[in-house]
Amino acid sequence: MALLCSVLVRVVPSRLGGVPIAAGLAARAAIAASSGYSPRLKWPNDLLAGPGKLAGVLCEVEPAAPGTGTAVVIGLGVNLRVEAFPALVTGASLHVLVAEPPAPAVLFAGYLGELAQRLDALQAAGMAALREEWLEHAAGIGETVTVHSAAGDVIGIAKGIDEDGALLVTVGDGVVRVLAGDVHVGLPQVSS
């Protein structure tokens with residue numbers, strides 16, 4: 001059993017980078033409020049329970065009519081009761097973490113309320129309104145991360161997020177802004 005949903009929201013173009021951050025924070029808060037378990041956030045779109053992925057958020061920008069704001073479809077999937085995961089998948093299920101996971105409808109209702117609050121804050125004040133809450137619940141900040149992206153791999157120390165929601169990674173004497181990619185906490189695994 002899982003909560004699988006999509007929500008259509010509209011935001012001003014200058015706030016698009018913060019939508020995945022707002023959605024992840026809303027999912028984390030809704031899970032914590034409805035179950036008592038507080039997952040960690042892994043940039044940009046995963047919620048973790050230990051090393052396992054408990055939930056994921058995916059945002060897709062859609063064309064919008066002029067004057068209505070940019071449309072963003074926010075997809076959310078939360079593992080509520082998953083008995084087993086495929087080989088090589090490090091998943092987590094809420095039913096293992098708490099006595100009784102919430103019903104999907106209860107979690108969804110909580111998520112909508114939390115999402116509305118964070119999107120309102122994002123629209124009003126930008127990423128500054130979300131950055132501290134995100135850092136409080138972020139996984140991997142101050143640790144070595146490996147980022148795989150179309151632009152190539154980056155290995156460095158995760159420092160936080162900027163005003164656009166980009167991940168900041170210190171590499172040598174510089175800082176790399178990561179706008180998209182698959183982030184792994186720790187050094188890359190070497191195959192033998």
# chains A, B, ... in the order shown; residues from 1 in each chain; ligands from 1

$ residues_around --residues "Val154 in chain A" --least-positions-apart "5" --cutoff "9 Å" --atoms "only C-alpha atoms" --output "list of chain:residue names"
A:Val145, A:Thr146, A:Val147, A:His148, A:Ser149, A:Val169, A:Val171, A:Val176, A:Val178

$ write_last_selection --atoms "N, CA and C atoms" --output "compact mmCIF listing (two decimals), in the first residue's frame"
# COMPACT_ATOMS: atom_id res chain seq x y z
N VAL A 145 29.26 14.05 -0.75
CA VAL A 145 28.20 13.57 -1.64
C VAL A 145 28.79 13.34 -3.03
N THR A 146 28.16 12.43 -3.73
CA THR A 146 28.49 12.17 -5.13
C THR A 146 27.25 12.48 -5.94
N VAL A 147 27.39 13.37 -6.91
CA VAL A 147 26.27 13.78 -7.75
C VAL A 147 26.52 13.29 -9.17
N HIS A 148 25.57 12.53 -9.70
CA HIS A 148 25.63 12.08 -11.09
C HIS A 148 24.62 12.92 -11.88
N SER A 149 25.11 13.58 -12.93
CA SER A 149 24.22 14.40 -13.76
C SER A 149 24.67 14.33 -15.20
N VAL A 169 27.66 22.41 -3.51
CA VAL A 169 28.66 21.40 -3.18
C VAL A 169 30.04 22.03 -3.27
N VAL A 171 33.79 21.85 -3.83
CA VAL A 171 34.75 20.98 -4.52
C VAL A 171 36.07 21.74 -4.57
N VAL A 176 30.17 24.31 -6.41
CA VAL A 176 29.42 23.93 -7.61
C VAL A 176 27.93 23.99 -7.27
N VAL A 178 24.44 22.66 -8.13
CA VAL A 178 23.84 21.51 -8.81
C VAL A 178 22.35 21.80 -8.98

$ residues_around --residues "Arg10 in chain A" --least-positions-apart "4" --cutoff "6 Å" --atoms "only C-alpha atoms" --output "list in words"
Gly69, Thr70 and Ala71 of chain A

$ write_last_selection --atoms "all heavy atoms" --output "tab-separated table (two decimals), in the first residue's frame"
chain	number	residue	atom	x	y	z
A	69	GLY	N	0.18	32.02	-14.15
A	69	GLY	CA	1.31	31.45	-13.41
A	69	GLY	C	1.76	30.17	-14.08
A	69	GLY	O	1.03	29.57	-14.87
A	70	THR	N	2.97	29.76	-13.80
A	70	THR	CA	3.50	28.54	-14.39
A	70	THR	C	2.90	27.34	-13.67
A	70	THR	O	2.86	27.29	-12.44
A	70	THR	CB	5.03	28.53	-14.27
A	70	THR	OG1	5.55	29.69	-14.94
A	70	THR	CG2	5.62	27.28	-14.90
A	71	ALA	N	2.43	26.39	-14.45
A	71	ALA	CA	1.82	25.19	-13.87
A	71	ALA	C	2.92	24.17	-13.55
A	71	ALA	O	3.81	23.94	-14.35
A	71	ALA	CB	0.82	24.59	-14.85

$ select_by_dssp --residues "range 5-188 of chain A" --states "strand (DSSP E or B)" --output "number ranges by chain"
A: 5-11, 40-42, 46-49, 52-62, 70-79, 91, 138, 144-149, 152-161, 167-171, 174-178, 182-185

$ closest_residue --among "A:Ile157, A:Ala150, A:Ser6, A:His95" --to "Glu60 in chain A" --atoms "only C-alpha atoms"
A:Ser6

$ residues_around --residues "Gly17 in chain A" --least-positions-apart "6" --cutoff "9 Å" --atoms "only C-alpha atoms" --output "number ranges by chain"
A: 127, 163-166, 179

$ residues_around --residues "Ala129 in chain A" --least-positions-apart "5" --cutoff "10 Å" --atoms "only C-alpha atoms" --output "ChimeraX atom specification"
/A:18,22,118-124,134,163

$ residues_around --residues "Pro39 in chain A" --least-positions-apart "4" --cutoff "12 Å" --atoms "only C-alpha atoms" --output "CSV table (one decimal) with N, CA, C and O atoms, in the first residue's frame"
chain,number,residue,atom,x,y,z
A,24,GLY,N,8.8,18.6,-0.8
A,24,GLY,CA,9.5,17.7,0.1
A,24,GLY,C,9.3,18.0,1.5
A,24,GLY,O,9.0,17.1,2.4
A,25,LEU,N,9.3,19.3,1.9
A,25,LEU,CA,9.1,19.7,3.2
A,25,LEU,C,7.6,19.4,3.6
A,25,LEU,O,7.4,19.0,4.8
A,26,ALA,N,6.7,19.6,2.7
A,26,ALA,CA,5.3,19.3,3.0
A,26,ALA,C,5.1,17.8,3.3
A,26,ALA,O,4.4,17.4,4.2
A,27,ALA,N,5.7,17.0,2.4
A,27,ALA,CA,5.6,15.6,2.6
A,27,ALA,C,6.2,15.1,3.9
A,27,ALA,O,5.6,14.3,4.6
A,28,ARG,N,7.3,15.6,4.3
A,28,ARG,CA,8.0,15.3,5.5
A,28,ARG,C,7.1,15.7,6.7
A,28,ARG,O,6.9,14.9,7.6
A,29,ALA,N,6.5,16.9,6.7
A,29,ALA,CA,5.7,17.4,7.8
A,29,ALA,C,4.4,16.5,7.9
A,29,ALA,O,4.0,16.2,9.0
A,30,ALA,N,3.8,16.2,6.8
A,30,ALA,CA,2.6,15.4,6.8
A,30,ALA,C,2.8,14.0,7.3
A,30,ALA,O,2.0,13.5,8.1
A,31,ILE,N,3.9,13.4,6.9
A,31,ILE,CA,4.3,12.1,7.4
A,31,ILE,C,4.5,12.1,8.9
A,31,ILE,O,4.0,11.3,9.7
A,32,ALA,N,5.3,13.2,9.4
A,32,ALA,CA,5.5,13.3,10.8
A,32,ALA,C,4.3,13.5,11.6
A,32,ALA,O,4.1,12.9,12.7
A,33,ALA,N,3.4,14.4,11.1
A,33,ALA,CA,2.2,14.7,11.8
A,33,ALA,C,1.2,13.5,11.9
A,33,ALA,O,0.5,13.3,12.9
A,35,SER,N,2.0,10.2,11.5
A,35,SER,CA,2.6,8.9,12.0
A,35,SER,C,3.5,9.0,13.2
A,35,SER,O,3.8,8.0,13.8
A,46,ASP,N,13.9,13.2,-2.4
A,46,ASP,CA,13.7,11.9,-1.7
A,46,ASP,C,13.5,12.2,-0.2
A,46,ASP,O,14.1,13.1,0.3
A,47,LEU,N,12.7,11.3,0.4
A,47,LEU,CA,12.6,11.4,1.9
A,47,LEU,C,13.1,10.0,2.4
A,47,LEU,O,12.7,9.0,1.9
A,48,LEU,N,14.0,10.1,3.3
A,48,LEU,CA,14.7,8.9,3.7
A,48,LEU,C,14.4,8.5,5.1
A,48,LEU,O,14.1,9.3,6.0
A,49,ALA,N,14.4,7.1,5.3
A,49,ALA,CA,14.3,6.5,6.7
A,49,ALA,C,15.6,5.7,6.8
A,49,ALA,O,15.7,4.7,6.1
A,50,GLY,N,16.5,6.2,7.5
A,50,GLY,CA,17.9,5.6,7.5
A,50,GLY,C,18.4,5.7,6.1
A,50,GLY,O,18.3,6.7,5.4
A,51,PRO,N,19.0,4.6,5.6
A,51,PRO,CA,19.5,4.7,4.2
A,51,PRO,C,18.4,4.4,3.1
A,51,PRO,O,18.6,4.6,1.9
A,52,GLY,N,17.2,4.0,3.6
A,52,GLY,CA,16.2,3.6,2.6
A,52,GLY,C,15.3,4.8,2.2
A,52,GLY,O,15.0,5.7,3.0
A,53,LYS,N,14.8,4.7,0.9
A,53,LYS,CA,13.9,5.7,0.4
A,53,LYS,C,12.5,5.4,0.9
A,53,LYS,O,11.9,4.4,0.5
A,54,LEU,N,11.9,6.3,1.6
A,54,LEU,CA,10.5,6.1,2.1
A,54,LEU,C,9.5,6.8,1.2
A,54,LEU,O,8.4,6.3,1.0
A,55,ALA,N,9.9,7.9,0.6
A,55,ALA,CA,9.0,8.6,-0.3
A,55,ALA,C,9.8,9.4,-1.3
A,55,ALA,O,11.0,9.7,-1.1
A,56,GLY,N,9.2,9.8,-2.4
A,56,GLY,CA,9.8,10.6,-3.4
A,56,GLY,C,8.8,11.6,-3.9
A,56,GLY,O,7.6,11.4,-4.0
A,78,VAL,N,4.5,7.7,-1.3
A,78,VAL,CA,5.0,7.3,0.0
A,78,VAL,C,4.7,5.9,0.2
A,78,VAL,O,3.6,5.4,0.1
A,92,ALA,N,12.3,1.8,2.0
A,92,ALA,CA,11.8,1.8,3.4
A,92,ALA,C,10.3,1.9,3.4
A,92,ALA,O,9.7,2.5,2.5
A,93,SER,N,9.7,1.3,4.4
A,93,SER,CA,8.2,1.3,4.4
A,93,SER,C,7.8,1.8,5.8
A,93,SER,O,8.3,1.3,6.8
A,94,LEU,N,6.8,2.7,5.8
A,94,LEU,CA,6.4,3.3,7.1
A,94,LEU,C,5.8,2.3,8.1
A,94,LEU,O,6.0,2.4,9.3
A,97,LEU,N,8.3,1.3,10.6
A,97,LEU,CA,8.8,2.3,11.4
A,97,LEU,C,7.9,2.8,12.5
A,97,LEU,O,8.3,3.4,13.5
A,98,VAL,N,6.6,2.6,12.3
A,98,VAL,CA,5.6,3.0,13.3
A,98,VAL,C,4.6,1.9,13.5
A,98,VAL,O,4.5,1.0,12.7
A,134,TRP,N,14.4,23.4,5.7
A,134,TRP,CA,15.0,22.3,4.9
A,134,TRP,C,16.3,21.9,5.5
A,134,TRP,O,16.5,20.7,5.6
A,136,GLU,N,17.2,22.0,8.5
A,136,GLU,CA,17.0,21.3,9.8
A,136,GLU,C,16.7,19.8,9.5
A,136,GLU,O,17.0,19.0,10.4
A,137,HIS,N,16.1,19.5,8.4
A,137,HIS,CA,15.7,18.1,8.1
A,137,HIS,C,16.5,17.4,7.0
A,137,HIS,O,16.2,16.3,6.6
A,138,ALA,N,17.5,18.1,6.5
A,138,ALA,CA,18.3,17.6,5.4
A,138,ALA,C,19.3,16.5,5.7
A,138,ALA,O,19.9,16.5,6.8
A,139,ALA,N,19.4,15.5,4.9
A,139,ALA,CA,20.4,14.4,5.0
A,139,ALA,C,21.6,14.8,4.2
A,139,ALA,O,21.5,15.3,3.1

$ select_by_dssp --residues "chain A" --states "helix (DSSP H, G or I)" --output "ChimeraX atom specification"
/A:13-35,94-97,104-129,131-137

$ closest_residue --among "A:Met1, A:Val7, A:Val61, A:Val185" --to "Ala84 in chain A" --atoms "only C-alpha atoms"
A:Met1

$ atom_distance --atom1 "CA of Cys5 in chain A" --atom2 "CA of Phe108 in chain A"
8.0 Å
